[in-house]
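Undergrad: Structure file input_9.tsv (TSV, C-alpha atoms) is given on the next line.
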chain	number	residue	atom	x	y	z
K	1	MET	CA	0.00	0.00	0.00
K	2	GLU	CA	2.79	2.39	0.92
K	3	TYR	CA	4.56	1.52	-2.31
K	4	SER	CA	1.50	2.31	-4.41
K	5	LEU	CA	1.05	5.75	-2.75
K	6	ILE	CA	4.69	6.63	-3.34
K	7	SER	CA	4.41	5.54	-6.96
K	8	HIS	CA	1.23	7.61	-7.40
K	9	ASN	CA	2.84	10.75	-5.98
K	10	ARG	CA	5.85	10.37	-8.24
K	11	TYR	CA	3.53	9.94	-11.23
K	12	ALA	CA	1.53	13.07	-10.29
K	13	ARG	CA	4.70	15.14	-9.91
K	14	SER	CA	5.97	13.98	-13.29
K	15	PHE	CA	2.57	14.60	-14.95
K	16	ASN	CA	1.88	18.13	-13.70
K	17	PRO	CA	4.78	19.84	-15.53
K	18	VAL	CA	3.83	18.09	-18.78
K	19	LYS	CA	0.22	19.14	-18.38
K	20	LYS	CA	1.21	22.74	-17.72
K	21	LYS	CA	3.41	22.82	-20.80
K	22	LEU	CA	0.59	21.46	-22.96
K	23	VAL	CA	-1.85	24.09	-21.66
K	24	LEU	CA	0.70	26.86	-22.27
K	25	LEU	CA	1.36	25.55	-25.76
K	26	ALA	CA	-2.36	25.49	-26.52
K	27	ILE	CA	-2.77	29.10	-25.35
K	28	MET	CA	0.16	30.26	-27.51
K	29	LEU	CA	-1.27	28.42	-30.52
K	30	PHE	CA	-4.66	30.08	-30.02
K	31	LEU	CA	-3.07	33.53	-29.79
K	32	TRP	CA	-1.06	32.92	-32.95
K	33	VAL	CA	-4.18	31.83	-34.88
K	34	TYR	CA	-6.09	34.88	-33.55
K	35	MET	CA	-3.37	37.32	-34.64
K	36	ALA	CA	-3.00	35.69	-38.05
K	37	TYR	CA	-6.77	35.81	-38.67
K	38	SER	CA	-6.99	39.42	-37.54
K	39	CYS	CA	-4.33	40.38	-40.07
K	40	VAL	CA	-6.28	38.90	-42.99
K	41	GLY	CA	-8.57	41.91	-43.36
K	42	TYR	CA	-5.69	44.38	-43.20
K	43	CYS	CA	-3.31	42.48	-45.44
K	44	SER	CA	-6.00	41.94	-48.08
K	45	THR	CA	-6.15	45.70	-48.65
K	46	MET	CA	-2.46	46.10	-49.45
K	47	PRO	CA	-2.61	45.21	-53.19
K	48	SER	CA	-5.39	47.73	-53.82
K	49	MET	CA	-3.42	50.38	-51.95
K	50	MET	CA	-0.42	49.83	-54.22
K	51	VAL	CA	-2.65	50.07	-57.28
K	52	ASP	CA	-4.09	53.34	-55.98
K	53	TYR	CA	-0.61	54.75	-55.39
K	54	ARG	CA	0.65	53.87	-58.86
K	55	ALA	CA	-2.51	55.10	-60.50
K	56	LYS	CA	-2.13	58.41	-58.68
K	57	GLU	CA	1.35	58.84	-60.18
K	58	THR	CA	0.15	58.25	-63.74
K	59	GLN	CA	-2.94	60.47	-63.74
K	60	THR	CA	-2.59	63.82	-65.58
K	61	ALA	CA	-4.08	67.22	-64.76
K	62	GLY	CA	-5.89	65.65	-61.83
K	63	LYS	CA	-8.05	63.46	-64.09
K	64	MET	CA	-8.38	59.75	-63.49
K	65	THR	CA	-8.63	57.27	-66.31
K	66	ASP	CA	-9.69	54.30	-64.21
K	67	ASN	CA	-11.78	53.75	-61.07
K	68	SER	CA	-8.88	51.88	-59.51
K	69	GLY	CA	-6.90	55.11	-59.55
K	70	VAL	CA	-8.78	56.72	-56.70
K	71	ASP	CA	-6.48	58.76	-54.49
K	72	LEU	CA	-5.37	56.64	-51.55
K	73	MET	CA	-6.03	59.33	-48.97
K	74	SER	CA	-9.49	59.93	-50.42
K	75	LYS	CA	-10.17	56.25	-50.15
K	76	LEU	CA	-8.99	56.04	-46.56
K	77	LEU	CA	-10.49	59.25	-45.22
K	78	PHE	CA	-13.51	59.64	-47.52
K	79	LYS	CA	-12.71	63.33	-48.09
K	80	PRO	CA	-15.63	64.98	-49.96
K	81	GLN	CA	-14.99	66.44	-53.40
K	82	GLY	CA	-16.66	69.31	-55.24
K	83	TRP	CA	-20.05	70.78	-54.28
K	84	VAL	CA	-23.23	70.61	-56.34
K	85	ASP	CA	-25.22	73.78	-55.72
K	86	LEU	CA	-28.82	73.50	-54.64
K	87	GLU	CA	-31.26	73.95	-57.48
K	88	THR	CA	-34.59	75.69	-57.16
K	89	ASP	CA	-37.97	75.48	-58.83
K	90	TYR	CA	-38.71	79.08	-57.90
K	91	ASP	CA	-38.95	81.58	-60.73
K	92	GLU	CA	-36.93	84.31	-59.10
K	93	PRO	CA	-34.24	86.86	-60.03
K	94	PRO	CA	-30.62	85.67	-60.04
K	95	ILE	CA	-29.10	84.96	-56.64
K	96	ARG	CA	-27.55	88.06	-55.16
K	97	THR	CA	-23.81	88.25	-54.76
K	98	ALA	CA	-23.70	88.13	-50.95
K	99	SER	CA	-25.88	85.06	-50.79
K	100	ARG	CA	-23.98	83.30	-53.55
K	101	ASP	CA	-20.64	83.98	-51.87
K	102	LEU	CA	-22.00	82.53	-48.64
K	103	LEU	CA	-23.14	79.39	-50.45
K	104	ASN	CA	-19.67	78.91	-51.88
K	105	ASP	CA	-18.10	79.37	-48.47
K	106	GLU	CA	-20.42	76.73	-47.03
K	107	VAL	CA	-18.64	74.11	-49.15
K	108	GLU	CA	-15.45	74.51	-47.14
K	109	ILE	CA	-17.41	74.73	-43.89
K	110	ASP	CA	-19.14	71.42	-44.62
K	111	ARG	CA	-15.78	69.86	-45.42
K	112	THR	CA	-14.27	71.16	-42.20
K	113	GLU	CA	-17.19	69.67	-40.25
K	114	ASP	CA	-16.56	66.32	-41.97
K	115	TRP	CA	-12.86	66.42	-41.08
K	116	ASP	CA	-13.71	67.33	-37.49
K	117	GLU	CA	-15.93	64.24	-37.35
K	118	ILE	CA	-13.18	62.04	-38.78
K	119	ARG	CA	-10.57	63.32	-36.35
K	120	GLY	CA	-12.99	62.77	-33.48
K	121	GLU	CA	-13.52	59.18	-34.53
K	122	GLN	CA	-9.79	58.58	-34.79
K	123	LYS	CA	-9.21	59.78	-31.25
K	124	SER	CA	-11.63	57.32	-29.71
K	125	PRO	CA	-11.65	53.54	-30.19
K	126	ASP	CA	-13.96	52.86	-33.10
K	127	GLN	CA	-14.04	49.12	-32.76
K	128	SER	CA	-13.58	46.51	-30.09
K	129	PRO	CA	-11.06	43.67	-30.53
K	130	MET	CA	-13.90	41.33	-31.46
K	131	SER	CA	-15.09	43.78	-34.14
K	132	SER	CA	-11.57	43.88	-35.53
K	133	PHE	CA	-11.49	40.11	-35.47
K	134	SER	CA	-14.65	39.89	-37.58
K	135	ASN	CA	-13.41	42.48	-40.09
K	136	GLY	CA	-11.37	39.84	-41.83
K	137	SER	CA	-14.60	38.19	-42.95
K	138	GLY	CA	-17.72	39.52	-44.59
K	139	SER	CA	-17.93	41.64	-47.73
K	140	LYS	CA	-18.52	45.22	-48.79
K	141	LYS	CA	-22.02	45.92	-50.02
K	142	LEU	CA	-23.87	48.93	-51.34
K	143	PRO	CA	-25.98	50.51	-48.58
K	144	GLN	CA	-29.46	49.14	-48.00
K	145	ALA	CA	-30.41	52.25	-45.98
K	146	ILE	CA	-29.33	55.88	-46.28
K	147	ILE	CA	-29.87	58.90	-44.03
K	148	ILE	CA	-30.54	61.48	-46.76
K	149	GLY	CA	-31.25	64.60	-44.69
K	150	VAL	CA	-31.51	67.15	-43.48
K	151	LYS	CA	-28.48	69.30	-42.73
K	152	LYS	CA	-28.48	70.53	-39.10
K	153	GLY	CA	-31.43	68.28	-38.35
K	154	GLY	CA	-29.66	65.73	-36.13
K	155	THR	CA	-28.31	63.27	-38.71
K	156	ARG	CA	-24.94	62.82	-37.00
K	157	ALA	CA	-26.58	62.05	-33.67
K	158	LEU	CA	-28.89	59.52	-35.31
K	159	LEU	CA	-26.05	57.75	-37.07
K	160	GLU	CA	-23.92	57.56	-33.92
K	161	PHE	CA	-26.86	56.17	-31.97
K	162	LEU	CA	-27.61	53.58	-34.65
K	163	ARG	CA	-24.02	52.36	-34.74
K	164	VAL	CA	-24.55	50.91	-31.28
K	165	HIS	CA	-26.76	48.25	-32.89
K	166	PRO	CA	-24.74	45.10	-33.69
K	167	ASP	CA	-26.63	44.57	-36.98
K	168	ILE	CA	-25.79	48.02	-38.38
K	169	ARG	CA	-22.48	48.90	-39.99
K	170	ALA	CA	-22.06	52.47	-41.20
K	171	VAL	CA	-19.49	54.76	-42.80
K	172	GLY	CA	-18.37	57.45	-40.36
K	173	ALA	CA	-17.75	60.35	-42.76
K	174	GLU	CA	-20.22	61.50	-45.42
K	175	PRO	CA	-19.45	59.90	-48.83
K	176	HIS	CA	-21.38	62.54	-50.85
K	177	PHE	CA	-21.59	60.01	-53.67
K	178	PHE	CA	-25.01	60.88	-55.11
K	179	ASP	CA	-24.33	64.62	-55.20
K	180	ARG	CA	-20.60	65.28	-55.55
K	181	ASN	CA	-18.84	62.02	-56.49
K	182	TYR	CA	-21.33	60.21	-58.71
K	183	ASP	CA	-18.93	60.09	-61.66
K	184	ASN	CA	-16.61	57.87	-59.63
K	185	GLY	CA	-19.00	54.96	-60.11
K	186	LEU	CA	-20.69	52.40	-57.88
K	187	ASP	CA	-17.54	50.33	-57.42
K	188	TRP	CA	-15.83	53.34	-55.85
K	189	TYR	CA	-18.89	53.91	-53.66
K	190	ARG	CA	-19.05	50.27	-52.55
K	191	ASP	CA	-15.38	50.32	-51.64
K	192	LEU	CA	-16.07	53.08	-49.07
K	193	MET	CA	-18.48	50.83	-47.18
K	194	PRO	CA	-17.48	48.71	-44.17
K	195	LYS	CA	-17.53	44.94	-44.42
K	196	THR	CA	-20.74	43.32	-43.26
K	197	LEU	CA	-21.78	39.82	-42.37
K	198	GLU	CA	-25.00	38.06	-43.37
K	199	GLY	CA	-27.96	39.79	-41.73
K	200	GLN	CA	-26.17	43.09	-41.10
K	201	ILE	CA	-27.28	46.35	-42.72
K	202	THR	CA	-24.88	48.71	-44.46
K	203	MET	CA	-25.69	52.41	-43.97
K	204	GLU	CA	-24.36	55.85	-44.79
K	205	LYS	CA	-25.53	59.40	-44.20
K	206	THR	CA	-25.18	62.47	-46.40
K	207	PRO	CA	-27.75	65.17	-45.49
K	208	SER	CA	-27.37	67.11	-48.75
K	209	TYR	CA	-28.97	64.26	-50.73
K	210	PHE	CA	-32.44	65.41	-49.66
K	211	VAL	CA	-32.06	68.74	-51.48
K	212	THR	CA	-30.12	67.44	-54.50
K	213	ARG	CA	-32.38	67.19	-57.54
K	214	GLU	CA	-30.56	64.24	-59.10
K	215	ALA	CA	-30.19	62.16	-55.92
K	216	PRO	CA	-33.57	60.33	-55.96
K	217	ALA	CA	-33.12	59.03	-59.51
K	218	ARG	CA	-29.53	58.01	-58.83
K	219	ILE	CA	-30.35	56.13	-55.63
K	220	SER	CA	-33.32	54.47	-57.34
K	221	ALA	CA	-31.02	53.36	-60.17
K	222	MET	CA	-28.74	51.75	-57.58
K	223	SER	CA	-31.64	49.98	-55.84
K	224	ARG	CA	-35.35	50.72	-55.72
K	225	ASP	CA	-35.51	48.86	-52.40
K	226	THR	CA	-33.23	51.33	-50.60
K	227	LYS	CA	-34.73	52.55	-47.34
K	228	LEU	CA	-34.47	56.29	-46.80
K	229	ILE	CA	-34.35	58.14	-43.48
K	230	VAL	CA	-34.88	61.89	-43.14
K	231	VAL	CA	-34.30	63.73	-39.86
K	232	VAL	CA	-36.42	66.89	-39.94
K	233	ARG	CA	-36.46	69.82	-37.55
K	234	ASP	CA	-38.37	73.08	-37.14
K	235	PRO	CA	-37.22	74.87	-40.34
K	236	VAL	CA	-36.77	78.20	-38.54
K	237	THR	CA	-34.54	76.70	-35.84
K	238	ARG	CA	-32.76	74.68	-38.51
K	239	ALA	CA	-32.00	77.81	-40.56
K	240	ILE	CA	-30.58	79.59	-37.51
K	241	SER	CA	-28.46	76.54	-36.66
K	242	ASP	CA	-27.23	76.44	-40.26
K	243	TYR	CA	-26.25	80.11	-40.06
K	244	THR	CA	-24.57	79.53	-36.66
K	245	GLN	CA	-22.38	76.81	-38.17
K	246	THR	CA	-21.32	79.11	-41.00
K	247	LEU	CA	-20.74	82.00	-38.59
K	248	SER	CA	-18.40	79.87	-36.46
K	249	LYS	CA	-16.12	79.39	-39.46
K	250	LYS	CA	-16.68	82.76	-41.19
K	251	PRO	CA	-17.21	85.47	-38.54
K	252	ASP	CA	-17.29	88.22	-41.20
K	253	ILE	CA	-20.41	87.00	-43.03
K	254	PRO	CA	-23.50	89.28	-43.27
K	255	THR	CA	-26.10	89.18	-40.50
K	256	PHE	CA	-28.80	86.53	-40.44
K	257	GLU	CA	-31.42	89.22	-41.06
K	258	SER	CA	-29.72	90.62	-44.16
K	259	LEU	CA	-29.36	87.15	-45.67
K	260	THR	CA	-32.95	86.18	-44.85
K	261	PHE	CA	-34.68	88.97	-46.74
K	262	ARG	CA	-34.52	89.82	-50.41
K	263	ASN	CA	-36.29	93.05	-49.52
K	264	ARG	CA	-36.46	93.99	-45.84
K	265	THR	CA	-39.10	96.67	-46.39
K	266	THR	CA	-41.59	94.33	-48.04
K	267	GLY	CA	-40.52	91.33	-45.94
K	268	LEU	CA	-39.81	89.21	-49.05
K	269	ILE	CA	-37.85	86.11	-48.05
K	270	ASP	CA	-34.77	85.20	-50.10
K	271	THR	CA	-35.40	81.54	-50.96
K	272	SER	CA	-32.15	81.40	-52.94
K	273	TRP	CA	-30.23	81.22	-49.65
K	274	SER	CA	-29.64	77.53	-48.90
K	275	ALA	CA	-30.33	77.99	-45.18
K	276	ILE	CA	-33.89	79.02	-46.10
K	277	GLN	CA	-34.36	76.71	-49.06
K	278	ILE	CA	-33.47	73.49	-47.24
K	279	GLY	CA	-36.38	73.98	-44.80
K	280	ILE	CA	-39.03	73.89	-47.54
K	281	TYR	CA	-39.39	70.16	-46.93
K	282	ALA	CA	-42.57	69.66	-48.96
K	283	LYS	CA	-40.90	70.91	-52.13
K	284	HIS	CA	-37.97	68.51	-51.81
K	285	LEU	CA	-40.18	65.58	-50.80
K	286	GLU	CA	-42.19	65.90	-54.02
K	287	ASN	CA	-39.02	65.13	-55.94
K	288	TRP	CA	-38.35	61.97	-53.89
K	289	LEU	CA	-41.91	60.68	-54.24
K	290	GLN	CA	-41.41	60.46	-57.99
K	291	TYR	CA	-38.99	57.59	-57.39
K	292	PHE	CA	-39.81	56.10	-53.97
K	293	PRO	CA	-43.11	55.27	-52.24
K	294	MET	CA	-43.78	56.90	-48.88
K	295	SER	CA	-43.52	53.45	-47.25
K	296	GLN	CA	-39.77	53.47	-47.96
K	297	ILE	CA	-39.16	56.86	-46.36
K	298	LEU	CA	-39.04	57.35	-42.59
K	299	PHE	CA	-39.18	60.85	-41.11
K	300	VAL	CA	-37.46	61.21	-37.76
K	301	SER	CA	-38.27	64.19	-35.55
K	302	GLY	CA	-35.12	66.10	-34.65
K	303	GLU	CA	-36.87	67.48	-31.59
K	304	ARG	CA	-37.94	64.04	-30.33
K	305	LEU	CA	-34.45	62.72	-31.03
K	306	ILE	CA	-33.39	65.03	-28.19
K	307	SER	CA	-36.36	64.65	-25.84
K	308	ASP	CA	-36.95	60.91	-26.41
K	309	PRO	CA	-34.00	59.33	-28.26
K	310	ALA	CA	-34.96	55.77	-27.37
K	311	GLY	CA	-38.48	56.29	-28.75
K	312	GLU	CA	-37.25	57.63	-32.07
K	313	LEU	CA	-34.56	54.94	-32.28
K	314	GLY	CA	-37.28	52.35	-31.71
K	315	ARG	CA	-39.15	53.63	-34.77
K	316	VAL	CA	-35.97	53.53	-36.84
K	317	GLN	CA	-35.13	49.97	-35.77
K	318	ASP	CA	-38.68	48.86	-36.67
K	319	PHE	CA	-38.39	50.59	-40.06
K	320	LEU	CA	-35.12	48.77	-40.77
K	321	GLY	CA	-36.61	45.44	-39.70
K	322	LEU	CA	-34.24	45.08	-36.76
K	323	LYS	CA	-34.76	43.92	-33.21
K	324	ARG	CA	-35.16	46.80	-30.74
K	325	ILE	CA	-31.78	46.60	-29.04
K	326	ILE	CA	-31.12	50.33	-28.56
K	327	THR	CA	-33.27	51.41	-25.59
K	328	ASP	CA	-33.37	53.94	-22.75
K	329	LYS	CA	-30.50	52.18	-20.99
K	330	HIS	CA	-28.11	53.39	-23.71
K	331	PHE	CA	-28.63	57.13	-23.08
K	332	TYR	CA	-28.09	59.84	-20.53
K	333	PHE	CA	-28.87	63.55	-20.88
K	334	ASN	CA	-25.91	65.93	-20.90
K	335	GLN	CA	-27.05	69.14	-19.20
K	336	THR	CA	-24.08	71.13	-20.52
K	337	LYS	CA	-24.61	70.31	-24.19
K	338	GLY	CA	-28.36	70.12	-23.91
K	339	PHE	CA	-28.84	66.81	-25.71
K	340	PRO	CA	-28.59	63.07	-25.02
K	341	CYS	CA	-25.31	61.19	-25.11
K	342	LEU	CA	-24.44	57.51	-25.28
K	343	LYS	CA	-23.49	55.76	-22.05
K	344	LYS	CA	-21.26	53.48	-24.08
K	345	ALA	CA	-20.26	54.24	-27.66
K	346	GLU	CA	-19.60	51.57	-30.26
K	347	GLY	CA	-16.46	49.64	-29.37
K	348	SER	CA	-15.88	51.60	-26.16
K	349	SER	CA	-16.67	51.25	-22.48
K	350	LYS	CA	-16.73	55.03	-21.95
K	351	PRO	CA	-19.61	57.53	-22.33
K	352	HIS	CA	-19.65	59.39	-25.63
K	353	CYS	CA	-21.10	62.76	-26.64
K	354	LEU	CA	-20.93	64.38	-30.05
K	355	GLY	CA	-18.00	66.72	-30.68
K	356	LYS	CA	-17.62	70.42	-29.96
K	357	THR	CA	-19.08	71.29	-33.39
K	358	LYS	CA	-22.47	70.09	-32.14
K	359	GLY	CA	-24.70	71.99	-29.76
K	360	ARG	CA	-23.38	75.48	-30.53
K	361	THR	CA	-25.11	78.43	-28.86
K	362	HIS	CA	-27.31	80.27	-31.37
K	363	PRO	CA	-26.93	84.03	-31.83
K	364	ASN	CA	-29.77	86.31	-30.79
K	365	ILE	CA	-32.12	86.89	-33.73
K	366	ASN	CA	-34.66	89.70	-33.92
K	367	PRO	CA	-38.04	88.22	-32.85
K	368	GLU	CA	-39.73	89.99	-35.79
K	369	VAL	CA	-37.42	88.18	-38.21
K	370	VAL	CA	-38.18	84.86	-36.53
K	371	GLN	CA	-41.93	85.50	-36.72
K	372	ARG	CA	-41.70	86.47	-40.39
K	373	LEU	CA	-39.90	83.21	-41.09
K	374	ARG	CA	-42.58	81.24	-39.21
K	375	ASP	CA	-45.25	82.90	-41.33
K	376	PHE	CA	-43.27	82.05	-44.46
K	377	TYR	CA	-42.79	78.38	-43.58
K	378	ARG	CA	-46.30	77.76	-42.24
K	379	PRO	CA	-48.02	76.80	-45.54
K	380	PHE	CA	-45.08	74.62	-46.52
K	381	ASN	CA	-45.18	72.93	-43.10
K	382	MET	CA	-48.93	72.27	-43.43
K	383	LYS	CA	-48.36	70.63	-46.81
K	384	PHE	CA	-45.51	68.58	-45.40
K	385	TYR	CA	-47.72	67.38	-42.52
K	386	GLN	CA	-50.35	66.26	-45.05
K	387	MET	CA	-47.82	64.47	-47.24
K	388	THR	CA	-46.28	62.56	-44.33
K	389	SER	CA	-49.53	62.13	-42.33
K	390	HIS	CA	-47.66	63.44	-39.30
K	391	ASN	CA	-47.88	66.74	-37.46
K	392	PHE	CA	-44.42	67.70	-36.20
K	393	GLY	CA	-45.78	70.58	-34.13
K	394	TRP	CA	-43.68	73.39	-35.53
K	395	ASP	CA	-46.60	75.85	-35.65
Would you encode the structure as structure tokens?

TA:
Amino acid sequence: MEYSLISHNRYARSFNPVKKKLVLLAIMLFLWVYMAYSCVGYCSTMPSMMVDYRAKETQTAGKMTDNSGVDLMSKLLFKPQGWVDLETDYDEPPIRTASRDLLNDEVEIDRTEDWDEIRGEQKSPDQSPMSSFSNGSGSKKLPQAIIIGVKKGGTRALLEFLRVHPDIRAVGAEPHFFDRNYDNGLDWYRDLMPKTLEGQITMEKTPSYFVTREAPARISAMSRDTKLIVVVRDPVTRAISDYTQTLSKKPDIPTFESLTFRNRTTGLIDTSWSAIQIGIYAKHLENWLQYFPMSQILFVSGERLISDPAGELGRVQDFLGLKRIITDKHFYFNQTKGFPCLKKAEGSSKPHCLGKTKGRTHPNINPEVVQRLRDFYRPFNMKFYQMTSHNFGWD
């Protein structure tokens, strides 16, 4: 008996080191496989990067002869290209010089906002290790859903909130494909999209699509089944917010009042100014309804996105055919900024609020000017309520 116990103890002592070595070896093997798999997604992009670089060297006068010759930095950072001016159905005199100059300046302002968004995303972790692990698989698809408007309505907040959902993958910066970069082709557009797995939805947001005349036909040509989301906001407040954004970049621009009126004495509103024109939602919606049924367009209230983000996100998730995963537990209200923030952003364990470019303090506007704008927008708002079968309560 004593012999057998001694033999057993010797066997146990000789077995334990071997067992430990096997476990350690297994862990190292797993880590090696994990790292190798994670590199697949990154390494697979290297050939296309080299093609882009060589193509860039051979292009002349800034013109590309092949879609594969897209500038590498444009491909990586999605930097917007030229601006397509808003068109108008109004039979009015030519746009005055001051207003036209402001419109041209807004191109650079929009671009600066986009770059601010990109830099903000680079500072914070955009993906968790598990997200990076899954990036090696899946494929890039054209978007099945697009946030098409409106500027200064709350589109960035909506997109950031939606990215919390595990079945939504979205481009961070605005591609501006259907208004500024359409000539680059669908392959170029698809290449901007993140990889998605089966059952996931690819999304992008470019608010200027809603007011671009050609956008509905172009999106319909890509896919008639595309789901469209429009974040709308009181057009008067939206116009002031639009002006505030421009003012923050161009302090020397004319006053809001001088840009609002074509003739201050008669009170004639200058609808050639984009800040005013964007808020005529009914006019722009008529263009979209020529190509898409109302059932494929969801209108999100910018006001309710602040007061009840979970409620509005619930409507959006239902519209996209997704399970309601984003709920009240994901939000907290930031008293300083005056709007809701995420308790945990995508791929991060820390709270996340939108950047400093959001939630700017509006300048004081003459109450008479505000009232005149409300009177101007009222009939358009009434028509918009009828078209959407929803009263947004702006009047």

Undergrad: Which residue is closest to K:Ile168? Choose from K:Gln317, K:Met382, K:Arg218, K:Gly149 and count only C-alpha atoms.

TA: K:Gln317

Undergrad: Interatomic distance between atom CA of K:Pro216 and atom CA of K:Leu186?

TA: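 Answer for the atom CA of K:Pro216 to atom CA of K:Leu186 separation: 15.2 Å.
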
Undergrad: Which one is closest to K:Ile280: K:His390, K:Lys250, K:Lys205, K:Arg374? Count all atoms listed in the file.

TA: K:Arg374

Undergrad: Find, counting all atoms listed in the file, the residue in K:Phe256, K:Val300, K:Asp328, K:Tyr385 that gets nearest to K:Ile365.

TA: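 Going through K:Phe256, K:Val300, K:Asp328, K:Tyr385 one by one, the smallest distance to K:Ile365 is for K:Phe256.
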
Undergrad: Which is closest to K:Ile148 among K:Ile297, K:Leu259, K:Ala26, K:Ile201, if we use only C-alpha atoms?

TA: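 Using only C-alpha atoms, K:Ile148 sits closest to K:Ile297.
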
Undergrad: When distances are computed from all atoms listed in the file, which of K:Leu289, K:Ile278, K:Leu192, K:Ile27 shows the smallest separation from K:Val150?

TA: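 That would be K:Ile278, the residue with the smallest distance to K:Val150.
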
Undergrad: Using all atoms listed in the file, which of K:Met28, K:Val211, K:Val231, K:Ile276 sits nearest K:Phe392?

TA: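 For K:Phe392, the nearest of the given residues is K:Val231.
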
Undergrad: What is the atom CA of K:Thr202 to atom CA of K:Tyr281 distance in Å?

TA: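 Here the two named atoms are 26.0 Å from each other.
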
Undergrad: Please measure the separation of atom CA of K:Phe261 and atom CA of K:Thr237, giving the value in Å to one decimal.

TA: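 A separation of 16.4 Å between them.
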
Undergrad: Report as a PDB file with C-alpha atoms, keeping the file's coordinate frame all protein, DNA and RNA residues lying within 7 Å of K:Arg238, evaluated on all atoms listed in the file, omitting residues in the same chain fewer than 4 positions from it.

TA:
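Listing of around.pdb after writing:
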ATOM      1  CA  LYS K 152     -28.480  70.530 -39.100  1.00  0.00           C
ATOM      2  CA  GLY K 153     -31.430  68.280 -38.350  1.00  0.00           C
ATOM      3  CA  ARG K 233     -36.460  69.820 -37.550  1.00  0.00           C
ATOM      4  CA  ASP K 234     -38.370  73.080 -37.140  1.00  0.00           C
ATOM      5  CA  ASP K 242     -27.230  76.440 -40.260  1.00  0.00           C
TER       6      ASP K 242
END

Undergrad: Could you please fill out stretch 319-330 of chain K with N, CA, C and O atoms and send it back as a tab-separated table (two decimals), in the frame of the given file?

TA:
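Output below, filename out.tsv:
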chain	number	residue	atom	x	y	z
K	319	PHE	N	-38.40	50.27	-38.63
K	319	PHE	CA	-38.39	50.59	-40.06
K	319	PHE	C	-37.34	49.77	-40.80
K	319	PHE	O	-37.56	49.32	-41.92
K	320	LEU	N	-36.20	49.54	-40.14
K	320	LEU	CA	-35.12	48.77	-40.77
K	320	LEU	C	-35.31	47.27	-40.62
K	320	LEU	O	-34.51	46.48	-41.13
K	321	GLY	N	-36.36	46.87	-39.90
K	321	GLY	CA	-36.61	45.44	-39.70
K	321	GLY	C	-35.66	44.80	-38.72
K	321	GLY	O	-35.37	43.60	-38.81
K	322	LEU	N	-35.19	45.58	-37.75
K	322	LEU	CA	-34.24	45.08	-36.76
K	322	LEU	C	-34.88	44.94	-35.39
K	322	LEU	O	-35.86	45.61	-35.09
K	323	LYS	N	-34.30	44.08	-34.58
K	323	LYS	CA	-34.76	43.92	-33.21
K	323	LYS	C	-34.45	45.20	-32.43
K	323	LYS	O	-33.41	45.82	-32.62
K	324	ARG	N	-35.37	45.59	-31.53
K	324	ARG	CA	-35.16	46.80	-30.74
K	324	ARG	C	-34.12	46.53	-29.64
K	324	ARG	O	-34.45	46.12	-28.54
K	325	ILE	N	-32.88	46.80	-29.98
K	325	ILE	CA	-31.78	46.60	-29.04
K	325	ILE	C	-31.39	47.91	-28.37
K	325	ILE	O	-31.04	47.94	-27.18
K	326	ILE	N	-31.46	49.01	-29.11
K	326	ILE	CA	-31.12	50.33	-28.56
K	326	ILE	C	-32.32	50.86	-27.78
K	326	ILE	O	-33.38	51.11	-28.35
K	327	THR	N	-32.16	51.01	-26.47
K	327	THR	CA	-33.27	51.41	-25.59
K	327	THR	C	-32.82	52.54	-24.66
K	327	THR	O	-31.72	53.09	-24.80
K	328	ASP	N	-33.67	52.87	-23.71
K	328	ASP	CA	-33.37	53.94	-22.75
K	328	ASP	C	-32.06	53.73	-22.02
K	328	ASP	O	-31.39	54.70	-21.64
K	329	LYS	N	-31.70	52.48	-21.78
K	329	LYS	CA	-30.50	52.18	-20.99
K	329	LYS	C	-29.21	52.65	-21.67
K	329	LYS	O	-28.16	52.72	-21.04
K	330	HIS	N	-29.29	52.97	-22.97
K	330	HIS	CA	-28.11	53.39	-23.71
K	330	HIS	C	-27.82	54.89	-23.62
K	330	HIS	O	-26.78	55.35	-24.07
